[in-house]
file coords23.cif (mmCIF, C-alpha atoms)
data_model
#
loop_
_atom_site.label_atom_id
_atom_site.label_comp_id
_atom_site.auth_asym_id
_atom_site.auth_seq_id
_atom_site.Cartn_x
_atom_site.Cartn_y
_atom_site.Cartn_z
CA MET A 631 6.88 -15.24 2.07
CA ASN A 632 7.45 -16.21 -1.56
CA ALA A 633 10.90 -14.64 -1.47
CA ALA A 634 11.69 -16.74 1.62
CA ILE A 635 10.38 -19.94 -0.01
CA ARG A 636 12.49 -19.21 -3.08
CA ALA A 637 15.58 -18.65 -0.93
CA VAL A 638 15.06 -21.86 1.05
CA VAL A 639 14.58 -23.99 -2.06
CA ARG A 640 17.52 -22.57 -3.98
CA THR A 641 19.81 -22.80 -0.95
CA CYS A 642 18.88 -26.46 -0.63
CA VAL A 643 19.71 -26.98 -4.30
CA TYR A 644 23.02 -25.13 -3.85
CA TYR A 645 24.02 -27.42 -0.98
CA GLU A 646 22.67 -30.53 -2.77
CA LYS A 647 19.82 -31.05 -0.31
CA THR A 648 16.22 -31.91 -1.14
CA ALA A 649 13.59 -29.23 -0.54
CA ILE A 650 10.05 -30.40 0.21
CA GLY A 651 7.20 -27.90 0.08
CA ILE A 652 4.35 -28.45 2.54
CA VAL A 653 1.08 -27.19 1.10
CA SER A 654 -1.19 -25.18 3.44
CA GLY A 655 1.10 -25.23 6.45
CA TYR A 656 0.23 -27.49 9.37
CA ASP A 657 -2.89 -28.68 7.58
CA GLY A 658 -0.66 -30.04 4.82
CA LEU A 659 1.65 -31.54 7.42
CA LEU A 660 -1.29 -33.54 8.79
CA LYS A 661 -2.52 -34.58 5.34
CA GLY A 662 0.92 -35.40 3.98
CA ASP A 663 0.46 -32.87 1.21
CA PHE A 664 4.13 -32.61 0.24
CA LYS A 665 5.86 -31.86 -3.03
CA GLU A 666 9.52 -31.74 -3.96
CA LEU A 667 10.65 -28.33 -5.15
CA GLY A 668 13.54 -27.45 -7.42
CA ALA A 669 15.13 -24.19 -8.49
CA ARG A 670 12.79 -23.74 -11.46
CA ASP A 671 9.70 -24.39 -9.32
CA VAL A 672 10.35 -21.12 -7.50
CA SER A 673 11.18 -18.99 -10.53
CA ASN A 674 9.31 -15.70 -10.93
CA ILE A 675 7.78 -15.64 -7.46
CA ILE A 676 10.06 -13.18 -5.63
CA HIS A 677 7.88 -10.25 -6.70
CA ARG A 678 4.56 -11.84 -5.73
CA GLY A 679 2.69 -11.26 -2.48
CA GLY A 680 1.21 -14.10 -0.44
CA THR A 681 2.64 -17.61 -0.65
CA ILE A 682 2.64 -20.19 -3.44
CA LEU A 683 2.43 -22.92 -0.79
CA LYS A 684 -0.78 -21.45 0.65
CA SER A 685 -1.64 -21.11 4.31
CA ALA A 686 -4.45 -22.50 6.45
CA ARG A 687 -5.53 -22.66 10.07
CA CYS A 688 -5.39 -26.17 11.48
CA GLN A 689 -7.21 -26.86 14.72
CA GLU A 690 -6.18 -30.51 14.69
CA PHE A 691 -2.50 -29.57 14.92
CA ARG A 692 -3.30 -27.88 18.23
CA THR A 693 -3.92 -31.34 19.70
CA LYS A 694 -1.24 -33.84 20.68
CA GLU A 695 -2.95 -36.49 18.57
CA GLY A 696 -2.86 -34.22 15.55
CA ARG A 697 0.81 -33.44 16.02
CA ALA A 698 1.55 -37.16 16.38
CA LYS A 699 -0.16 -37.76 13.04
CA ALA A 700 1.95 -34.99 11.50
CA TYR A 701 5.10 -36.56 12.91
CA GLU A 702 4.30 -39.88 11.25
CA ASN A 703 4.00 -38.09 7.92
CA VAL A 704 7.34 -36.37 8.50
CA LYS A 705 9.00 -39.72 9.24
CA ASP A 706 7.40 -41.42 6.26
CA ALA A 707 8.64 -38.65 3.96
CA GLU A 708 12.14 -38.89 5.50
CA ILE A 709 12.15 -35.18 6.27
CA ASP A 710 15.16 -34.24 8.41
CA GLY A 711 14.14 -30.73 9.42
CA LEU A 712 11.41 -28.15 9.04
CA ILE A 713 11.45 -24.44 8.22
CA ALA A 714 8.28 -22.69 9.37
CA ILE A 715 7.41 -19.25 8.00
CA GLY A 716 4.88 -17.32 10.03
CA GLY A 717 4.09 -15.47 13.22
CA ASN A 718 3.40 -16.19 16.87
CA GLY A 719 0.84 -18.94 16.25
CA THR A 720 3.02 -20.72 13.72
CA PHE A 721 5.99 -20.63 16.06
CA ALA A 722 3.99 -21.80 19.07
CA GLY A 723 2.98 -24.88 17.09
CA ALA A 724 6.53 -25.41 15.87
CA HIS A 725 7.91 -25.18 19.41
CA GLU A 726 5.42 -27.76 20.72
CA PHE A 727 6.16 -30.07 17.80
CA TYR A 728 9.87 -29.85 18.51
CA LYS A 729 9.43 -30.50 22.25
CA GLU A 730 7.29 -33.58 21.65
CA PHE A 731 9.11 -35.19 18.75
CA GLY A 732 12.52 -33.55 18.47
CA VAL A 733 12.22 -32.65 14.79
CA PRO A 734 14.73 -29.84 14.12
CA ILE A 735 12.80 -26.67 13.29
CA ILE A 736 13.86 -23.16 12.38
CA GLY A 737 11.33 -20.35 12.12
CA ILE A 738 11.39 -17.48 9.64
CA PRO A 739 9.34 -14.52 10.97
CA GLY A 740 6.62 -13.65 8.48
CA THR A 741 4.04 -11.28 10.00
CA ILE A 742 3.08 -7.72 9.15
CA ASP A 743 2.71 -6.91 12.86
CA ASN A 744 6.50 -6.92 13.46
CA ASP A 745 5.81 -8.15 16.99
CA LEU A 746 8.28 -11.02 17.42
CA VAL A 747 11.27 -10.70 19.73
CA GLY A 748 14.49 -11.64 17.97
CA SER A 749 14.18 -9.60 14.79
CA ASP A 750 14.12 -5.85 14.23
CA TYR A 751 11.93 -6.47 11.19
CA THR A 752 9.65 -9.32 10.15
CA ILE A 753 8.84 -10.27 6.57
CA GLY A 754 5.83 -8.31 5.33
CA TYR A 755 6.03 -5.45 7.81
CA ASP A 756 7.79 -3.02 5.47
CA THR A 757 5.45 -3.87 2.60
CA ALA A 758 2.34 -3.46 4.76
CA THR A 759 3.58 -0.14 6.15
CA ASN A 760 4.34 1.22 2.69
CA THR A 761 0.89 0.12 1.51
CA ALA A 762 -0.66 1.99 4.44
CA VAL A 763 1.46 5.08 3.72
CA ASN A 764 0.35 5.17 0.07
CA ALA A 765 -3.30 4.88 1.09
CA ILE A 766 -3.01 7.55 3.79
CA ASP A 767 -1.31 9.93 1.36
CA SER A 768 -4.33 9.60 -0.92
CA ILE A 769 -6.71 10.19 1.98
CA ARG A 770 -4.73 13.31 2.92
CA ASP A 771 -5.68 14.83 -0.46
CA THR A 772 -9.38 14.45 0.34
CA ALA A 773 -8.95 15.62 3.93
CA SER A 774 -7.16 18.78 2.82
CA SER A 775 -9.58 19.56 0.00
CA HIS A 776 -12.70 19.17 2.13
CA ASP A 777 -11.42 20.29 5.56
CA ARG A 778 -12.08 16.92 7.16
CA LEU A 779 -10.90 14.81 10.05
CA PHE A 780 -10.10 11.25 9.01
CA PHE A 781 -9.69 8.26 11.30
CA ILE A 782 -7.68 5.67 9.36
CA GLU A 783 -7.60 2.18 10.80
CA VAL A 784 -4.57 0.05 10.05
CA MET A 785 -3.87 -3.53 11.09
CA GLY A 786 -2.41 -4.25 14.50
CA ARG A 787 -4.70 -6.00 16.96
CA ASP A 788 -1.96 -6.23 19.60
CA SER A 789 0.80 -4.22 17.96
CA GLY A 790 1.12 -0.56 17.00
CA PHE A 791 4.18 -0.82 14.78
CA ILE A 792 2.35 -0.19 11.50
CA ALA A 793 0.35 2.66 13.02
CA VAL A 794 3.39 4.44 14.45
CA ARG A 795 5.53 4.35 11.32
CA SER A 796 2.73 5.10 8.86
CA ALA A 797 1.50 7.99 11.01
CA LEU A 798 4.97 9.50 11.25
CA ALA A 799 5.64 9.02 7.52
CA THR A 800 2.37 10.69 6.47
CA GLY A 801 2.40 13.60 8.91
CA ALA A 802 -0.65 12.43 10.84
CA GLU A 803 -1.68 14.49 13.87
CA THR A 804 -1.47 11.47 16.14
CA MET A 805 -1.66 7.70 16.28
CA LEU A 806 -3.60 5.41 18.60
CA ILE A 807 -1.90 2.14 19.49
CA PRO A 808 -2.58 -0.82 21.84
CA GLU A 809 0.67 -0.33 23.75
CA LYS A 810 -0.22 3.18 24.94
CA LYS A 811 -3.90 3.88 25.47
CA THR A 812 -5.13 7.36 24.56
CA THR A 813 -8.26 8.70 26.27
CA ILE A 814 -11.00 10.56 24.42
CA ASP A 815 -10.11 13.68 26.42
CA ARG A 816 -6.48 13.43 25.34
CA LEU A 817 -7.44 12.91 21.70
CA LEU A 818 -9.80 15.89 21.78
CA LYS A 819 -7.05 18.02 23.27
CA ILE A 820 -4.71 17.08 20.39
CA LEU A 821 -7.36 17.83 17.77
CA ASP A 822 -8.37 21.13 19.38
CA TYR A 823 -4.73 22.16 19.53
CA GLY A 824 -4.47 21.67 15.80
CA THR A 825 -7.68 23.60 15.14
CA ASN A 826 -6.48 26.49 17.29
CA ASN A 827 -3.28 26.52 15.23
CA LYS A 828 -5.34 26.96 12.05
CA LYS A 829 -5.26 23.35 10.91
CA THR A 830 -8.22 22.75 8.64
CA SER A 831 -7.78 18.99 8.27
CA SER A 832 -6.44 16.20 10.45
CA LEU A 833 -5.46 12.55 10.19
CA VAL A 834 -5.57 10.12 13.09
CA VAL A 835 -4.03 6.70 12.42
CA VAL A 836 -5.61 3.99 14.57
CA ALA A 837 -4.25 0.48 15.13
CA GLU A 838 -7.22 -1.90 15.08
CA GLY A 839 -6.60 -2.98 18.69
CA ALA A 840 -6.01 0.49 20.09
CA ASN A 841 -9.45 0.83 21.70
CA GLU A 842 -11.99 -1.39 23.34
CA GLU A 843 -14.48 -0.20 20.75
CA ASN A 844 -13.96 -0.11 17.00
CA THR A 845 -12.82 2.93 15.04
CA ILE A 846 -16.33 3.81 13.90
CA ALA A 847 -17.48 3.97 17.54
CA LEU A 848 -14.46 6.15 18.33
CA LYS A 849 -15.44 8.56 15.56
CA GLU A 850 -18.99 8.72 16.93
CA GLN A 851 -17.69 9.54 20.40
CA ILE A 852 -15.62 12.40 19.01
CA ASP A 853 -18.62 13.69 17.04
CA ALA A 854 -20.77 13.63 20.18
CA ARG A 855 -18.20 15.64 22.14
CA THR A 856 -17.48 18.33 19.53
CA ASP A 857 -20.91 19.45 18.33
CA ASN A 858 -19.85 18.40 14.82
CA HIS A 859 -17.27 21.14 14.32
CA PHE A 860 -15.16 18.32 12.88
CA ASP A 861 -16.46 16.84 9.64
CA SER A 862 -15.13 13.37 10.45
CA LYS A 863 -14.81 10.24 8.34
CA VAL A 864 -13.50 6.70 8.88
CA THR A 865 -11.41 4.63 6.46
CA ILE A 866 -10.53 1.04 7.36
CA LEU A 867 -7.64 -0.24 5.26
CA GLY A 868 -8.11 -3.86 6.37
CA HIS A 869 -6.64 -6.67 4.29
CA LEU A 870 -5.43 -4.26 1.65
CA GLN A 871 -2.26 -4.20 3.76
CA ARG A 872 -1.69 -7.94 3.50
CA GLY A 873 -1.21 -8.15 -0.25
CA GLY A 874 0.52 -6.45 -3.15
CA LYS A 875 4.07 -6.44 -4.44
CA PRO A 876 6.63 -6.81 -1.65
CA THR A 877 9.09 -3.97 -1.20
CA CYS A 878 12.77 -4.25 -2.03
CA PHE A 879 13.55 -4.33 1.70
CA ASP A 880 11.21 -7.27 2.31
CA ARG A 881 12.51 -9.24 -0.67
CA ILE A 882 16.10 -8.90 0.50
CA LEU A 883 15.21 -9.59 4.15
CA ALA A 884 13.31 -12.76 3.20
CA SER A 885 16.14 -13.89 0.93
CA ARG A 886 18.75 -13.49 3.65
CA MET A 887 16.60 -15.26 6.21
CA GLY A 888 15.83 -18.15 3.87
CA VAL A 889 19.51 -18.81 3.17
CA LEU A 890 20.46 -18.61 6.84
CA ALA A 891 17.57 -20.87 7.89
CA VAL A 892 18.83 -23.70 5.65
CA GLU A 893 22.44 -23.16 6.72
CA GLY A 894 21.32 -23.10 10.34
CA LEU A 895 19.67 -26.51 10.02
CA MET A 896 22.81 -27.87 8.39
CA GLU A 897 24.88 -26.54 11.29
CA GLY A 898 22.67 -28.18 13.90
CA GLN A 899 20.49 -25.23 14.92
CA GLU A 900 17.01 -26.22 16.09
CA ASP A 901 14.00 -24.76 17.90
CA VAL A 902 15.13 -21.25 16.94
CA MET A 903 13.98 -18.32 14.84
CA VAL A 904 16.22 -16.58 12.35
CA GLY A 905 16.01 -12.79 12.63
CA LEU A 906 17.66 -9.51 11.73
CA ILE A 907 19.23 -7.74 14.71
CA ASN A 908 21.31 -4.60 14.14
CA ARG A 909 21.55 -5.50 10.43
CA LYS A 910 23.00 -8.94 11.21
CA VAL A 911 21.10 -12.21 10.89
CA ARG A 912 20.93 -13.97 14.25
CA PHE A 913 19.20 -16.97 15.85
CA THR A 914 16.79 -16.59 18.80
CA PRO A 915 15.10 -19.47 20.70
CA LEU A 916 11.52 -19.93 19.52
CA GLN A 917 10.27 -19.74 23.09
CA THR A 918 11.87 -16.31 23.47
CA ALA A 919 10.37 -15.14 20.18
CA ILE A 920 6.93 -16.36 21.25
CA ASN A 921 6.87 -15.18 24.86
CA GLY A 922 8.90 -11.98 24.57
CA GLU A 923 7.31 -8.59 24.12
CA ARG A 924 8.49 -6.12 21.50
CA GLU A 925 8.43 -2.51 22.65
CA ILE A 926 7.45 0.45 20.52
CA ASP A 927 10.35 2.79 19.74
CA GLU A 928 9.81 5.72 22.12
CA GLU A 929 11.99 7.92 19.93
CA LEU A 930 9.55 7.55 17.04
CA LEU A 931 6.69 8.57 19.33
CA ARG A 932 8.66 11.59 20.53
CA VAL A 933 9.49 12.68 17.00
CA GLY A 934 5.88 12.25 15.94
CA ASN A 935 4.64 14.43 18.80
CA ILE A 936 7.11 17.19 17.93
CA LEU A 937 6.26 17.24 14.23
CA ALA A 938 2.46 17.14 14.67
CA ILE A 939 2.17 20.80 15.79
#
call {"tool": "encode", "arguments": {"input": "coords23.cif", "output": "structure tokens"}}
result
Amino acid sequence: MNAAIRAVVRTCVYYEKTAIGIVSGYDGLLKGDFKELGARDVSNIIHRGGTILKSARCQEFRTKEGRAKAYENVKDAEIDGLIAIGGNGTFAGAHEFYKEFGVPIIGIPGTIDNDLVGSDYTIGYDTATNTAVNAIDSIRDTASSHDRLFFIEVMGRDSGFIAVRSALATGAETMLIPEKKTTIDRLLKILDYGTNNKKTSSLVVVAEGANEENTIALKEQIDARTDNHFDSKVTILGHLQRGGKPTCFDRILASRMGVLAVEGLMEGQEDVMVGLINRKVRFTPLQTAINGEREIDEELLRVGNILAI
């Protein structure tokens, strides 16, 4: 997100426009917590995770009265357009704000889940996936040395994108994702197949929303069904995936999107999200981005199944 903020600010400076930073997202919009940003204010942030402008949940913005209060602050500050960086919730609020008050808004997709229609990749997804891959590689060393089965939980309450790519990249035996439910019987069959083929260790990558129960409960179910012939462990990566230095890919993606978001506002675009489709930056209506459903790449699943023998 910092790379996107930097790109937005410096593009405004380039085109002789004023960039106003809103601290803590919609909460700052309601409180009028604004500050003018120049090129030097965003120096040395492209390599930092998180966001220098902070982020906060704002229940009041969910109400029409709260959004009306935010609109008054926008008018008072003479703000001509907004650029919102975030995911589904951020864009839902932006779309409502636009419908009610007509303030031009462009969204930049910033979510590690990669679950927004209108962009092949969202800011943070590549970084989060690489963080997961590095952690799983380390776990593989322990699994191999001690002949263990590891269940590794990655983020993805409603999306299996991180699980699929990190599982494929680390040679995991299988992945469990919300989009395609895997039964205990099916999972046992996969694990037994590996054991019968002289595998002494196994990795199962689990998206946090893949099962009705949590990953620890899943591990206990497997233990109960196998008479403990698997020495199984659980590792939950959690918020480790949401921080750290952004990858080169994410820095460039965020930079491109930030520039195009400002240029889009200048050209009259509004109520849209900027995204990367087939390596080109495109605009997609916010409503489509919010309500659409991204599908998991079936080819990645097929490749993963072939290579897990």
call {"tool": "resolve_selection", "arguments": {"input": "coords23.cif", "expression": "the PyMOL selection byres ((chain A and resi 792-797) around 10)", "output": "ChimeraX atom specification"}}
result
/A:742-744,755-756,758-767,782-786,789-791,798-808,833-838,840,871,926-927,930-931,934,938
call {"tool": "resolve_selection", "arguments": {"input": "coords23.cif", "expression": "the PyMOL selection byres ((chain A and resi 668-684) around 8)", "output": "ChimeraX atom specification"}}
result
/A:631-633,635-636,639-640,643,649,651-655,666-667,685-686,872-876,881
call {"tool": "write_last_selection", "arguments": {"input": "coords23.cif", "atoms": "C-alpha atoms", "output": "tab-separated table (two decimals), keeping the file's coordinate frame"}}
result
chain	number	residue	atom	x	y	z
A	631	MET	CA	6.88	-15.24	2.07
A	632	ASN	CA	7.45	-16.21	-1.56
A	633	ALA	CA	10.90	-14.64	-1.47
A	635	ILE	CA	10.38	-19.94	-0.01
A	636	ARG	CA	12.49	-19.21	-3.08
A	639	VAL	CA	14.58	-23.99	-2.06
A	640	ARG	CA	17.52	-22.57	-3.98
A	643	VAL	CA	19.71	-26.98	-4.30
A	649	ALA	CA	13.59	-29.23	-0.54
A	651	GLY	CA	7.20	-27.90	0.08
A	652	ILE	CA	4.35	-28.45	2.54
A	653	VAL	CA	1.08	-27.19	1.10
A	654	SER	CA	-1.19	-25.18	3.44
A	655	GLY	CA	1.10	-25.23	6.45
A	666	GLU	CA	9.52	-31.74	-3.96
A	667	LEU	CA	10.65	-28.33	-5.15
A	685	SER	CA	-1.64	-21.11	4.31
A	686	ALA	CA	-4.45	-22.50	6.45
A	872	ARG	CA	-1.69	-7.94	3.50
A	873	GLY	CA	-1.21	-8.15	-0.25
A	874	GLY	CA	0.52	-6.45	-3.15
A	875	LYS	CA	4.07	-6.44	-4.44
A	876	PRO	CA	6.63	-6.81	-1.65
A	881	ARG	CA	12.51	-9.24	-0.67
call {"tool": "atom_distance", "arguments": {"input": "coords23.cif", "atom1": "atom CA of Asn921 of chain A", "atom2": "atom CA of Gly723 of chain A"}}
result
13.0 Å
call {"tool": "residues_around", "arguments": {"input": "coords23.cif", "residues": "Ala634 of chain A", "least_positions_apart": "3", "cutoff": "10 Å", "atoms": "all atoms listed in the file", "output": "mmCIF file with C-alpha atoms, in the coordinates of the input"}}
result
data_model
loop_
_atom_site.group_PDB
_atom_site.id
_atom_site.type_symbol
_atom_site.label_atom_id
_atom_site.label_comp_id
_atom_site.auth_asym_id
_atom_site.auth_seq_id
_atom_site.Cartn_x
_atom_site.Cartn_y
_atom_site.Cartn_z
ATOM 1 C CA MET A 631 6.880 -15.240 2.070
ATOM 2 C CA ALA A 637 15.580 -18.650 -0.930
ATOM 3 C CA VAL A 638 15.060 -21.860 1.050
ATOM 4 C CA VAL A 639 14.580 -23.990 -2.060
ATOM 5 C CA ARG A 640 17.520 -22.570 -3.980
ATOM 6 C CA ILE A 675 7.780 -15.640 -7.460
ATOM 7 C CA ILE A 676 10.060 -13.180 -5.630
ATOM 8 C CA THR A 681 2.640 -17.610 -0.650
ATOM 9 C CA ILE A 715 7.410 -19.250 8.000
ATOM 10 C CA ILE A 738 11.390 -17.480 9.640
ATOM 11 C CA PRO A 739 9.340 -14.520 10.970
ATOM 12 C CA GLY A 740 6.620 -13.650 8.480
ATOM 13 C CA ILE A 753 8.840 -10.270 6.570
ATOM 14 C CA ASP A 880 11.210 -7.270 2.310
ATOM 15 C CA ARG A 881 12.510 -9.240 -0.670
ATOM 16 C CA ILE A 882 16.100 -8.900 0.500
ATOM 17 C CA LEU A 883 15.210 -9.590 4.150
ATOM 18 C CA ALA A 884 13.310 -12.760 3.200
ATOM 19 C CA SER A 885 16.140 -13.890 0.930
ATOM 20 C CA ARG A 886 18.750 -13.490 3.650
ATOM 21 C CA MET A 887 16.600 -15.260 6.210
ATOM 22 C CA GLY A 888 15.830 -18.150 3.870
ATOM 23 C CA VAL A 889 19.510 -18.810 3.170
ATOM 24 C CA ALA A 891 17.570 -20.870 7.890
#
call {"tool": "resolve_selection", "arguments": {"input": "coords23.cif", "expression": "the PyMOL selection byres ((chain A and resi 714) around 7)", "output": "MDAnalysis selection string"}}
result
chainID A and resid 712:713 715:716 736:738
call {"tool": "closest_residue", "arguments": {"input": "coords23.cif", "among": "A:Leu848, A:Leu817, A:Leu746, A:Leu870", "to": "Val904 of chain A", "atoms": "all atoms listed in the file"}}
result
A:Leu746
call {"tool": "atom_distance", "arguments": {"input": "coords23.cif", "atom1": "atom CA of Ser862 of chain A", "atom2": "atom CA of Thr845 of chain A"}}
result
11.6 Å
call {"tool": "decode", "arguments": {"input": "coords23.cif", "residues": "segment 665-715 of chain A", "atoms": "C-alpha atoms", "output": "short mmCIF file (atom, residue, chain, number, x, y, z; two decimals), in the first residue's frame"}}
result
data_model
loop_
_atom_site.label_atom_id
_atom_site.label_comp_id
_atom_site.auth_asym_id
_atom_site.auth_seq_id
_atom_site.Cartn_x
_atom_site.Cartn_y
_atom_site.Cartn_z
CA LYS A 665 -2.86 16.22 5.64
CA GLU A 666 -1.33 17.55 2.43
CA LEU A 667 1.39 15.32 1.05
CA GLY A 668 4.28 16.24 -1.21
CA ALA A 669 6.92 14.24 -3.04
CA ARG A 670 9.33 14.26 -0.08
CA ASP A 671 6.62 13.12 2.34
CA VAL A 672 6.54 9.76 0.58
CA SER A 673 10.28 9.26 0.24
CA ASN A 674 11.73 5.96 1.47
CA ILE A 675 8.42 4.16 1.91
CA ILE A 676 8.26 1.99 -1.22
CA HIS A 677 10.09 -0.84 0.56
CA ARG A 678 7.96 -0.77 3.71
CA GLY A 679 5.01 -3.04 4.44
CA GLY A 680 1.72 -1.74 5.81
CA THR A 681 0.64 1.85 5.21
CA ILE A 682 1.99 5.16 6.50
CA LEU A 683 -1.57 6.51 6.48
CA LYS A 684 -2.77 3.74 8.81
CA SER A 685 -6.01 1.83 8.52
CA ALA A 686 -9.00 1.42 10.82
CA ARG A 687 -12.45 -0.10 10.85
CA CYS A 688 -15.20 2.51 11.01
CA GLN A 689 -18.68 1.38 11.94
CA GLU A 690 -20.05 4.91 11.69
CA PHE A 691 -19.20 5.07 7.98
CA ARG A 692 -21.54 2.12 7.47
CA THR A 693 -24.45 4.44 8.32
CA LYS A 694 -25.92 7.06 6.01
CA GLU A 695 -25.51 9.68 8.73
CA GLY A 696 -21.83 8.83 9.05
CA ARG A 697 -21.27 9.05 5.32
CA ALA A 698 -23.07 12.41 5.25
CA LYS A 699 -20.68 13.68 7.91
CA ALA A 700 -17.74 12.43 5.83
CA TYR A 701 -19.12 14.21 2.77
CA GLU A 702 -19.23 17.51 4.64
CA ASN A 703 -15.56 17.09 5.51
CA VAL A 704 -14.74 16.34 1.87
CA LYS A 705 -16.55 19.50 0.76
CA ASP A 706 -14.93 21.65 3.44
CA ALA A 707 -11.48 20.43 2.38
CA GLU A 708 -12.33 21.10 -1.30
CA ILE A 709 -11.41 17.54 -2.25
CA ASP A 710 -12.37 16.81 -5.86
CA GLY A 711 -11.92 13.04 -5.87
CA LEU A 712 -10.95 10.11 -3.71
CA ILE A 713 -8.62 7.16 -4.24
CA ALA A 714 -9.43 4.25 -1.92
CA ILE A 715 -6.88 1.49 -1.39
#
